[in-house]
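data-v4.cif (mmCIF, C-alpha atoms)
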```cif
data_structure
#
loop_
_atom_site.label_atom_id
_atom_site.label_comp_id
_atom_site.auth_asym_id
_atom_site.auth_seq_id
_atom_site.Cartn_x
_atom_site.Cartn_y
_atom_site.Cartn_z
CA MET A 1 23.96 -42.79 -111.84
CA LYS A 2 24.53 -39.89 -114.16
CA LYS A 3 27.46 -37.62 -113.47
CA LEU A 4 26.31 -34.41 -111.85
CA LEU A 5 28.70 -32.16 -113.67
CA THR A 6 27.79 -33.44 -117.13
CA THR A 7 24.03 -33.11 -116.93
CA GLY A 8 23.73 -29.37 -117.23
CA PHE A 9 22.55 -29.39 -113.64
CA PHE A 10 23.93 -25.99 -112.76
CA ALA A 11 22.30 -24.39 -115.78
CA LEU A 12 18.89 -25.38 -114.49
CA ILE A 13 18.97 -24.15 -110.91
CA ILE A 14 17.67 -20.86 -109.73
CA ALA A 15 20.17 -18.04 -110.07
CA GLY A 16 21.96 -17.23 -106.85
CA MET A 17 21.17 -20.49 -105.08
CA THR A 18 24.48 -22.09 -105.88
CA SER A 19 27.43 -21.73 -108.17
CA CYS A 20 30.63 -23.48 -109.12
CA SER A 21 33.58 -22.36 -107.06
CA VAL A 22 36.98 -21.75 -108.60
CA GLN A 23 38.85 -25.01 -108.12
CA LYS A 24 42.34 -23.74 -108.77
CA ASN A 25 43.57 -20.21 -108.24
CA THR A 26 47.31 -19.83 -108.18
CA THR A 27 47.44 -16.13 -108.99
CA ALA A 28 44.84 -14.37 -106.90
CA LYS A 29 45.98 -13.38 -103.43
CA VAL A 30 43.76 -14.83 -100.71
CA GLU A 31 43.59 -12.68 -97.62
CA LEU A 32 43.77 -14.92 -94.58
CA PRO A 33 41.32 -14.25 -91.77
CA ASN A 34 42.86 -12.07 -89.08
CA LYS A 35 43.94 -14.28 -86.17
CA LYS A 36 42.69 -11.86 -83.54
CA GLU A 37 39.32 -11.72 -85.26
CA VAL A 38 39.13 -15.50 -85.49
CA LEU A 39 39.73 -15.74 -81.76
CA GLU A 40 37.29 -12.94 -81.01
CA VAL A 41 34.40 -14.52 -82.89
CA SER A 42 35.19 -17.98 -81.51
CA ARG A 43 35.36 -16.65 -77.98
CA ARG A 44 32.14 -14.69 -78.42
CA ALA A 45 30.19 -17.68 -79.71
CA ASN A 46 31.59 -19.90 -76.98
CA GLN A 47 30.94 -17.41 -74.20
CA TYR A 48 27.30 -17.12 -75.24
CA PHE A 49 26.94 -20.86 -74.72
CA MET A 50 28.88 -21.03 -71.45
CA ASN A 51 26.79 -18.21 -70.04
CA LYS A 52 23.59 -20.00 -71.04
CA TRP A 53 24.73 -23.35 -69.62
CA PRO A 54 26.74 -22.64 -66.45
CA ASP A 55 25.77 -26.00 -64.93
CA THR A 56 27.66 -28.65 -66.91
CA LYS A 57 25.55 -31.47 -65.49
CA LYS A 58 22.16 -29.94 -66.19
CA ASP A 59 19.93 -32.19 -68.27
CA ILE A 60 18.84 -31.03 -71.70
CA VAL A 61 15.06 -30.88 -71.83
CA GLY A 62 13.25 -31.09 -75.15
CA LYS A 63 10.88 -33.72 -76.48
CA LYS A 64 12.77 -35.96 -74.05
CA VAL A 65 15.13 -35.37 -71.16
CA TRP A 66 18.72 -35.99 -72.18
CA PRO A 67 21.82 -36.26 -69.98
CA SER A 68 24.42 -33.65 -70.84
CA ASN A 69 26.98 -36.20 -72.01
CA LEU A 70 24.94 -37.11 -75.08
CA TRP A 71 26.47 -36.71 -78.55
CA THR A 72 25.30 -33.16 -79.18
CA ARG A 73 27.06 -31.88 -76.09
CA ALA A 74 30.06 -34.11 -76.76
CA VAL A 75 30.55 -32.41 -80.14
CA TYR A 76 30.49 -29.04 -78.40
CA TYR A 77 33.27 -30.16 -76.06
CA GLU A 78 35.30 -31.41 -79.02
CA GLY A 79 35.11 -27.88 -80.34
CA LEU A 80 35.95 -26.41 -76.94
CA MET A 81 39.06 -28.58 -76.70
CA ALA A 82 40.06 -27.46 -80.18
CA LEU A 83 39.61 -23.83 -79.12
CA TYR A 84 41.63 -24.53 -75.97
CA SER A 85 44.48 -25.85 -78.11
CA VAL A 86 44.91 -22.42 -79.71
CA ASP A 87 43.53 -20.28 -76.87
CA PRO A 88 44.41 -22.07 -73.61
CA LYS A 89 42.14 -20.29 -71.17
CA LYS A 90 41.78 -21.92 -67.79
CA GLU A 91 38.03 -21.36 -67.85
CA TYR A 92 37.73 -23.65 -70.89
CA TYR A 93 39.69 -26.41 -69.18
CA ASP A 94 37.70 -26.00 -65.97
CA TYR A 95 34.39 -26.11 -67.85
CA ALA A 96 35.35 -29.34 -69.62
CA MET A 97 36.69 -30.87 -66.41
CA SER A 98 33.46 -30.03 -64.60
CA TRP A 99 31.47 -31.76 -67.34
CA ALA A 100 33.64 -34.88 -67.29
CA ASN A 101 33.68 -35.09 -63.50
CA ASN A 102 29.93 -34.60 -63.30
CA HIS A 103 29.51 -37.66 -65.52
CA ASN A 104 32.17 -39.69 -63.70
CA TRP A 105 34.14 -39.93 -66.93
CA ASP A 106 31.62 -42.46 -68.19
CA LEU A 107 29.79 -42.80 -71.48
CA GLN A 108 26.14 -42.07 -72.03
CA ARG A 109 24.13 -45.14 -71.03
CA GLY A 110 27.10 -46.86 -69.46
CA THR A 111 30.59 -48.05 -70.11
CA TYR A 112 29.84 -50.93 -72.44
CA THR A 113 27.59 -49.23 -74.94
CA ARG A 114 28.38 -49.96 -78.59
CA ASN A 115 26.42 -46.96 -79.84
CA ALA A 116 28.76 -44.36 -81.33
CA ASP A 117 26.57 -41.47 -80.21
CA HIS A 118 26.88 -42.64 -76.63
CA GLN A 119 30.66 -42.96 -76.95
CA ALA A 120 31.34 -39.53 -78.42
CA CYS A 121 32.01 -37.88 -75.05
CA GLY A 122 35.08 -40.11 -74.78
CA GLN A 123 36.98 -37.93 -77.23
CA THR A 124 37.09 -35.08 -74.72
CA TYR A 125 37.90 -37.42 -71.84
CA ILE A 126 40.96 -38.56 -73.79
CA ASP A 127 41.94 -34.97 -74.57
CA LEU A 128 41.75 -34.06 -70.88
CA TYR A 129 43.79 -37.12 -70.01
CA GLU A 130 46.52 -35.98 -72.37
CA ILE A 131 46.39 -32.37 -71.19
CA ASP A 132 47.22 -33.49 -67.66
CA GLY A 133 50.26 -35.39 -68.93
CA ARG A 134 48.53 -38.78 -68.80
CA LYS A 135 48.77 -38.75 -65.00
CA ASN A 136 45.19 -39.78 -64.31
CA PRO A 137 44.33 -43.02 -66.13
CA GLU A 138 40.87 -43.08 -64.53
CA ARG A 139 39.93 -40.38 -67.04
CA ILE A 140 40.08 -42.89 -69.88
CA LYS A 141 39.34 -46.09 -67.97
CA ASN A 142 35.71 -46.31 -69.05
CA VAL A 143 36.12 -45.23 -72.65
CA LYS A 144 39.03 -47.65 -73.06
CA SER A 145 36.94 -50.45 -71.57
CA ALA A 146 34.17 -49.67 -74.05
CA MET A 147 36.47 -49.85 -77.04
CA ASP A 148 38.20 -52.97 -75.73
CA SER A 149 34.84 -54.68 -75.35
CA MET A 150 34.07 -53.95 -79.01
CA ILE A 151 37.46 -55.24 -80.11
CA ALA A 152 36.82 -58.45 -78.18
CA THR A 153 33.94 -59.38 -80.51
CA PRO A 154 33.88 -59.99 -84.29
CA LYS A 155 30.93 -57.61 -84.69
CA VAL A 156 31.75 -54.72 -87.08
CA ASP A 157 28.38 -53.42 -88.26
CA ASP A 158 27.65 -50.89 -85.51
CA TRP A 159 28.24 -47.78 -87.63
CA TRP A 160 25.14 -48.03 -89.83
CA TRP A 161 24.77 -44.24 -90.17
CA ILE A 162 27.63 -42.01 -91.28
CA ASP A 163 27.38 -39.66 -88.29
CA ALA A 164 28.76 -42.54 -86.25
CA LEU A 165 32.11 -42.28 -88.00
CA GLN A 166 32.83 -38.92 -86.41
CA MET A 167 31.48 -39.95 -83.02
CA SER A 168 33.62 -43.07 -82.64
CA MET A 169 36.49 -43.36 -85.12
CA PRO A 170 38.63 -40.70 -83.40
CA ILE A 171 38.33 -42.58 -80.11
CA PHE A 172 39.87 -45.71 -81.62
CA THR A 173 42.72 -43.79 -83.25
CA LYS A 174 43.42 -41.66 -80.17
CA LEU A 175 43.67 -44.81 -78.05
CA GLY A 176 45.86 -46.43 -80.67
CA ARG A 177 48.25 -43.50 -80.61
CA ILE A 178 48.30 -43.28 -76.80
CA THR A 179 48.74 -47.00 -76.12
CA GLY A 180 50.75 -47.91 -79.20
CA GLU A 181 48.49 -50.94 -79.67
CA GLN A 182 47.63 -51.83 -83.26
CA LYS A 183 44.34 -53.44 -82.27
CA TYR A 184 42.63 -50.05 -82.06
CA PHE A 185 43.65 -49.08 -85.58
CA ASP A 186 42.68 -52.50 -86.93
CA LYS A 187 39.19 -52.46 -85.40
CA ASN A 188 38.68 -48.90 -86.54
CA TYR A 189 39.33 -49.87 -90.13
CA GLU A 190 37.22 -53.04 -90.00
CA MET A 191 34.20 -51.04 -88.86
CA TYR A 192 34.87 -48.19 -91.27
CA ALA A 193 35.19 -50.64 -94.16
CA TYR A 194 31.88 -52.29 -93.30
CA THR A 195 30.14 -48.91 -93.39
CA LYS A 196 31.88 -47.95 -96.62
CA TYR A 197 31.49 -51.21 -98.54
CA LYS A 198 28.60 -53.22 -97.03
CA HIS A 199 25.96 -51.24 -95.14
CA GLY A 200 22.91 -50.62 -97.27
CA GLY A 201 23.83 -53.44 -99.62
CA ASN A 202 26.98 -52.13 -101.27
CA GLY A 203 28.08 -49.59 -98.70
CA LEU A 204 27.14 -46.02 -97.86
CA TYR A 205 29.93 -44.51 -99.98
CA ASN A 206 29.07 -43.71 -103.58
CA GLN A 207 32.38 -44.39 -105.27
CA GLN A 208 31.21 -42.62 -108.43
CA ASP A 209 30.23 -39.29 -106.85
CA LYS A 210 32.74 -39.64 -103.98
CA ILE A 211 30.06 -38.64 -101.47
CA TRP A 212 28.26 -40.61 -98.74
CA TRP A 213 24.63 -41.53 -98.22
CA ARG A 214 23.52 -40.92 -94.67
CA ASP A 215 22.22 -44.48 -94.14
CA LYS A 216 20.61 -47.28 -96.12
CA SER A 217 17.28 -45.47 -96.40
CA PHE A 218 18.90 -42.95 -98.77
CA VAL A 219 20.64 -45.44 -101.04
CA PRO A 220 19.06 -45.51 -104.54
CA PRO A 221 16.34 -45.86 -105.65
CA TYR A 222 15.73 -43.02 -103.16
CA LYS A 223 15.96 -39.70 -105.01
CA GLU A 224 15.78 -36.01 -104.24
CA PRO A 225 13.03 -33.90 -105.91
CA ASN A 226 15.39 -33.02 -108.77
CA GLY A 227 16.20 -36.68 -109.44
CA GLU A 228 19.66 -36.69 -107.86
CA ASP A 229 20.87 -38.82 -104.97
CA CYS A 230 20.31 -37.44 -101.48
CA TYR A 231 23.62 -36.38 -99.96
CA TRP A 232 23.10 -34.62 -96.66
CA SER A 233 25.53 -31.82 -95.93
CA ARG A 234 26.06 -32.35 -92.22
CA GLY A 235 26.29 -36.11 -92.63
CA ASN A 236 29.12 -35.69 -95.09
CA GLY A 237 30.60 -33.09 -92.75
CA TRP A 238 30.79 -35.75 -90.06
CA VAL A 239 32.71 -37.97 -92.49
CA VAL A 240 35.11 -35.14 -93.31
CA ALA A 241 35.78 -34.55 -89.61
CA ALA A 242 36.14 -38.28 -88.90
CA LEU A 243 38.69 -38.71 -91.66
CA ALA A 244 40.66 -35.59 -90.68
CA LYS A 245 40.91 -36.81 -87.08
CA THR A 246 41.70 -40.36 -88.18
CA LEU A 247 44.54 -39.10 -90.37
CA GLN A 248 45.85 -37.02 -87.49
CA ASP A 249 46.34 -40.03 -85.22
CA THR A 250 46.84 -42.96 -87.59
CA PRO A 251 50.50 -43.73 -88.42
CA LYS A 252 51.35 -43.21 -92.07
CA THR A 253 52.76 -46.73 -92.00
CA ASP A 254 49.35 -48.17 -91.17
CA PRO A 255 48.13 -50.37 -94.06
CA HIS A 256 44.92 -48.34 -94.36
CA TYR A 257 46.27 -44.80 -94.02
CA GLN A 258 46.38 -44.24 -97.77
CA GLU A 259 42.77 -45.35 -98.17
CA TYR A 260 41.64 -42.90 -95.51
CA LEU A 261 43.65 -40.18 -97.22
CA LYS A 262 42.17 -40.94 -100.64
CA ASP A 263 38.61 -40.96 -99.30
CA TYR A 264 39.24 -37.68 -97.50
CA LYS A 265 40.72 -35.98 -100.55
CA ASP A 266 38.07 -37.33 -102.90
CA LEU A 267 35.25 -36.10 -100.68
CA LEU A 268 36.76 -32.64 -100.35
CA ALA A 269 37.21 -32.46 -104.12
CA ALA A 270 33.55 -33.37 -104.62
CA LEU A 271 32.55 -30.40 -102.48
CA LEU A 272 34.36 -27.80 -104.56
CA PRO A 273 31.91 -27.35 -107.46
CA ILE A 274 28.82 -27.31 -105.23
CA GLN A 275 29.73 -24.52 -102.85
CA ARG A 276 27.10 -21.79 -102.89
CA GLU A 277 27.91 -18.37 -104.25
CA ASP A 278 27.57 -16.93 -100.73
CA GLY A 279 30.17 -19.36 -99.35
CA PHE A 280 27.89 -21.84 -97.58
CA TRP A 281 26.84 -25.30 -98.72
CA ASN A 282 23.19 -26.31 -99.05
CA VAL A 283 21.73 -28.98 -96.77
CA SER A 284 21.20 -31.16 -99.84
CA LEU A 285 24.50 -31.24 -101.65
CA HIS A 286 23.14 -32.23 -105.07
CA ASP A 287 19.70 -30.63 -104.89
CA PRO A 288 19.77 -26.94 -103.93
CA THR A 289 16.03 -26.74 -104.59
CA ASN A 290 15.27 -29.05 -101.66
CA TYR A 291 15.34 -26.69 -98.66
CA GLY A 292 18.19 -24.78 -100.24
CA GLY A 293 19.83 -21.98 -98.34
CA LYS A 294 22.51 -21.15 -95.83
CA GLU A 295 23.38 -23.87 -93.34
CA THR A 296 26.11 -23.58 -90.74
CA THR A 297 26.91 -27.05 -89.43
CA GLY A 298 27.82 -28.78 -92.68
CA THR A 299 29.67 -25.69 -93.83
CA ALA A 300 31.66 -25.48 -90.59
CA LEU A 301 32.69 -29.14 -90.79
CA PHE A 302 33.82 -28.71 -94.39
CA VAL A 303 35.87 -25.65 -93.37
CA TYR A 304 37.41 -27.65 -90.54
CA GLY A 305 38.38 -30.50 -92.85
CA MET A 306 39.77 -28.25 -95.56
CA ALA A 307 41.71 -26.04 -93.17
CA TYR A 308 43.15 -29.12 -91.46
CA GLY A 309 44.29 -30.42 -94.83
CA VAL A 310 45.90 -27.13 -95.80
CA ASN A 311 47.63 -26.80 -92.44
CA ASN A 312 49.05 -30.31 -92.71
CA ASN A 313 49.94 -30.24 -96.41
CA LEU A 314 47.46 -32.97 -97.27
CA ILE A 315 45.61 -31.02 -99.98
CA ASP A 316 46.53 -28.31 -102.45
CA ARG A 317 46.62 -24.92 -100.76
CA ASP A 318 45.89 -22.90 -103.90
CA THR A 319 42.80 -24.97 -104.60
CA TYR A 320 41.25 -25.06 -101.17
CA LEU A 321 42.29 -21.88 -99.41
CA PRO A 322 39.95 -19.59 -101.39
CA VAL A 323 37.06 -21.99 -100.82
CA LEU A 324 37.48 -22.40 -97.08
CA VAL A 325 38.20 -18.72 -96.44
CA LYS A 326 35.07 -17.77 -98.37
CA ALA A 327 33.04 -20.20 -96.29
CA TRP A 328 34.57 -19.05 -92.98
CA ASN A 329 33.95 -15.40 -93.82
CA ALA A 330 30.35 -16.22 -94.73
CA MET A 331 29.73 -17.87 -91.36
CA VAL A 332 31.33 -15.00 -89.47
CA LYS A 333 29.25 -12.48 -91.42
CA ASP A 334 25.92 -14.28 -91.56
CA SER A 335 25.82 -16.88 -88.77
CA VAL A 336 27.48 -15.41 -85.68
CA GLN A 337 25.33 -12.74 -84.11
CA PRO A 338 26.63 -9.82 -82.00
CA ASN A 339 25.76 -11.63 -78.76
CA GLY A 340 27.46 -14.84 -79.95
CA PHE A 341 24.31 -16.74 -80.93
CA LEU A 342 24.89 -18.98 -83.93
CA GLY A 343 22.25 -18.77 -86.64
CA TRP A 344 21.39 -20.85 -89.71
CA VAL A 345 21.94 -24.08 -87.74
CA GLN A 346 19.89 -27.05 -88.89
CA GLY A 347 18.39 -28.95 -85.98
CA THR A 348 18.98 -32.62 -85.31
CA GLY A 349 17.83 -35.13 -87.87
CA LYS A 350 19.15 -37.03 -90.85
CA GLU A 351 18.11 -35.25 -94.04
CA PRO A 352 17.42 -31.85 -95.63
CA LYS A 353 13.81 -31.53 -94.46
CA ASP A 354 14.64 -31.90 -90.76
CA GLY A 355 14.68 -28.79 -88.61
CA GLN A 356 13.33 -26.62 -91.40
CA PRO A 357 12.87 -23.82 -92.10
CA LEU A 358 16.16 -22.32 -90.98
CA ALA A 359 16.69 -18.70 -90.01
CA VAL A 360 19.40 -16.51 -88.57
CA ASP A 361 17.48 -16.13 -85.30
CA LYS A 362 15.91 -19.58 -85.05
CA ILE A 363 17.00 -21.60 -82.03
CA PRO A 364 17.53 -25.24 -83.07
CA ASP A 365 16.41 -28.08 -80.84
CA PHE A 366 20.02 -28.41 -79.62
CA GLU A 367 22.38 -25.43 -79.71
CA ASP A 368 25.55 -27.24 -78.70
CA TYR A 369 26.75 -29.35 -81.63
CA GLY A 370 26.53 -26.46 -84.10
CA LEU A 371 28.87 -24.45 -81.92
CA GLY A 372 31.20 -27.43 -81.64
CA CYS A 373 31.42 -27.63 -85.41
CA PHE A 374 32.09 -23.90 -85.62
CA LEU A 375 34.84 -24.02 -82.98
CA LEU A 376 36.51 -26.93 -84.76
CA ALA A 377 36.57 -24.81 -87.90
CA GLY A 378 37.83 -21.74 -86.06
CA SER A 379 40.69 -23.61 -84.43
CA GLU A 380 42.04 -24.71 -87.81
CA VAL A 381 41.39 -21.37 -89.54
CA TYR A 382 43.38 -19.73 -86.73
CA LYS A 383 46.40 -21.91 -87.61
CA LEU A 384 46.45 -20.88 -91.28
CA LYS A 385 49.69 -19.22 -92.39
#
```
Before anything else, please render the file you have as structure tokens.
Amino acid sequence: MKKLLTTGFFALIIAGMTSCSVQKNTTAKVELPNKKEVLEVSRRANQYFMNKWPDTKKDIVGKKVWPSNLWTRAVYYEGLMALYSVDPKKEYYDYAMSWANNHNWDLQRGTYTRNADHQACGQTYIDLYEIDGRKNPERIKNVKSAMDSMIATPKVDDWWWIDALQMSMPIFTKLGRITGEQKYFDKNYEMYAYTKYKHGGNGLYNQQDKIWWRDKSFVPPYKEPNGEDCYWSRGNGWVVAALAKTLQDTPKTDPHYQEYLKDYKDLLAALLPIQREDGFWNVSLHDPTNYGGKETTGTALFVYGMAYGVNNNLIDRDTYLPVLVKAWNAMVKDSVQPNGFLGWVQGTGKEPKDGQPLAVDKIPDFEDYGLGCFLLAGSEVYKLK
């Protein structure tokens, strides 16, 4: 595949749709977001959702009826737990506890599901287990049983779509850290490596562009309208989040830590030249003409990953701070409405065309996961120094 940055690609796109961001800025002073303002906008967005969904067990009704421990709601609670870590309000803890108790601390579709989407709620169960000082092992009994059942088999091809990395990888690494058992880290890598190197023929990771295809249906010869590969923003955002969380819990002595770190840093670097002038990223990372425009979820996940890296000295501060602050400020200005509603959120799907067209006041098919992504970003932006 041709290299994006050597094809004159940016000279051909419509003015204002995207632009190259400054990759290194060691002289200009970057004004950090005000911590009180970060908390205010995070609280406002979260309160809008909690007010709208006071019953944590209420099914989500759309084209189908979904239980409220499905992946979209699980991502919201990941964000809520991240907000709680910097803003420990009892109401947040109580809301999450109500949700977990209402689902008996079990996974969607039962304890022994292998589907990463169905397992995602386990991340919050583990967080709540740790918050209580690990005094109530029943909180992680089912999620641990699910992961143990996967480890007990040689099967490693379950994560055939890149969203799955974020839904399940952090569960393995959290359990590895909590139990001290290497088996969780080993299985995590085996499954990650299959997705990276084998799914879709030669893996879902394009080692030339350092970006991921969503699943095998987007591996070449599939092309975007402009002839480039299809790299979906939110899908790559899930990978960023998965790697950030994996690095957080995986020991640096683990034989695969450096590979995770390299993949994480390479992906973030690939995002730098394709940030839009307004601070967002397009839904199609290499084709801004294919449903180009503001999109919150992918942008929020990229902000989360970059801010995590800056806060933990994993990436160069001077390079990434201007980029992530610009993106955060754009979301605060253009996505979060006065009542806390989050706009420019692409609905569920797997590619740029899904959930289109977007708008600041359009309600997506699920409102929860977009907020979860935003709260993850806010929690790390709050920690910036």
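Using all atoms listed in the file, the smallest distance between any of A:Gly235, A:Gly201, A:Gly122, A:Gly62 and Pro364 of chain A comes from A:Gly62.
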I would like the residues chosen by the PyMOL selection byres ((chain A and resi 314) around 12) on the shown file; could you give them as a list of chain:residue names?
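With the PyMOL selection byres ((chain A and resi 314) around 12) on this model, the match is A:Leu243, A:Ala244, A:Leu247, A:Gln248, A:Gln258, A:Tyr260, A:Leu261, A:Lys262, A:Tyr264, A:Lys265, A:Asp266, A:Leu268, A:Gly305, A:Met306, A:Ala307, A:Tyr308, A:Gly309, A:Val310, A:Asn311, A:Asn312, A:Asn313, A:Ile315, A:Asp316, A:Arg317, A:Thr319, A:Tyr320.
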Atom CA of Leu324 of chain A to atom CA of Tyr291 of chain A: how many Å, to one decimal?
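Separating atom CA of Leu324 of chain A from atom CA of Tyr291 of chain A is a distance of 22.6 Å.
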Pick from A:Trp238, A:Val303, A:Asp186, A:Asn290: nearest to Pro251 of chain A, with only C-alpha atoms counted?
A:Asp186
With only C-alpha atoms as the counted atoms, please give the residues lying no more than 10 Å from Lys174 of chain A, apart from itself and same-chain residues fewer than 5 positions off, as a PDB file with C-alpha atoms, in the frame of the given file.
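The result, stored in out-v2.pdb:
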```
ATOM      1  CA  GLN A 123      36.980 -37.930 -77.230  1.00  0.00           C
ATOM      2  CA  ILE A 126      40.960 -38.560 -73.790  1.00  0.00           C
ATOM      3  CA  ASP A 127      41.940 -34.970 -74.570  1.00  0.00           C
ATOM      4  CA  MET A 169      36.490 -43.360 -85.120  1.00  0.00           C
ATOM      5  CA  THR A 179      48.740 -47.000 -76.120  1.00  0.00           C
ATOM      6  CA  GLY A 180      50.750 -47.910 -79.200  1.00  0.00           C
ATOM      7  CA  TYR A 184      42.630 -50.050 -82.060  1.00  0.00           C
ATOM      8  CA  PHE A 185      43.650 -49.080 -85.580  1.00  0.00           C
ATOM      9  CA  LYS A 245      40.910 -36.810 -87.080  1.00  0.00           C
ATOM     10  CA  THR A 246      41.700 -40.360 -88.180  1.00  0.00           C
ATOM     11  CA  GLN A 248      45.850 -37.020 -87.490  1.00  0.00           C
ATOM     12  CA  ASP A 249      46.340 -40.030 -85.220  1.00  0.00           C
ATOM     13  CA  THR A 250      46.840 -42.960 -87.590  1.00  0.00           C
TER      14      THR A 250
END
```
Run the PyMOL selection byres ((chain A and resi 49) around 9) mentally over the shown coordinates, then write out the matched residues as a PDB file with C-alpha atoms, keeping the file's coordinate frame, using the chain letters and numbers from the document.
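Now in part25.pdb:
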```pdb
ATOM      1  CA  ARG A  44      32.140 -14.690 -78.420  1.00  0.00           C
ATOM      2  CA  ALA A  45      30.190 -17.680 -79.710  1.00  0.00           C
ATOM      3  CA  ASN A  46      31.590 -19.900 -76.980  1.00  0.00           C
ATOM      4  CA  GLN A  47      30.940 -17.410 -74.200  1.00  0.00           C
ATOM      5  CA  TYR A  48      27.300 -17.120 -75.240  1.00  0.00           C
ATOM      6  CA  MET A  50      28.880 -21.030 -71.450  1.00  0.00           C
ATOM      7  CA  ASN A  51      26.790 -18.210 -70.040  1.00  0.00           C
ATOM      8  CA  LYS A  52      23.590 -20.000 -71.040  1.00  0.00           C
ATOM      9  CA  TRP A  53      24.730 -23.350 -69.620  1.00  0.00           C
ATOM     10  CA  PRO A  54      26.740 -22.640 -66.450  1.00  0.00           C
ATOM     11  CA  GLY A 340      27.460 -14.840 -79.950  1.00  0.00           C
ATOM     12  CA  PHE A 341      24.310 -16.740 -80.930  1.00  0.00           C
ATOM     13  CA  GLU A 367      22.380 -25.430 -79.710  1.00  0.00           C
ATOM     14  CA  ASP A 368      25.550 -27.240 -78.700  1.00  0.00           C
ATOM     15  CA  LEU A 371      28.870 -24.450 -81.920  1.00  0.00           C
TER      16      LEU A 371
END
```
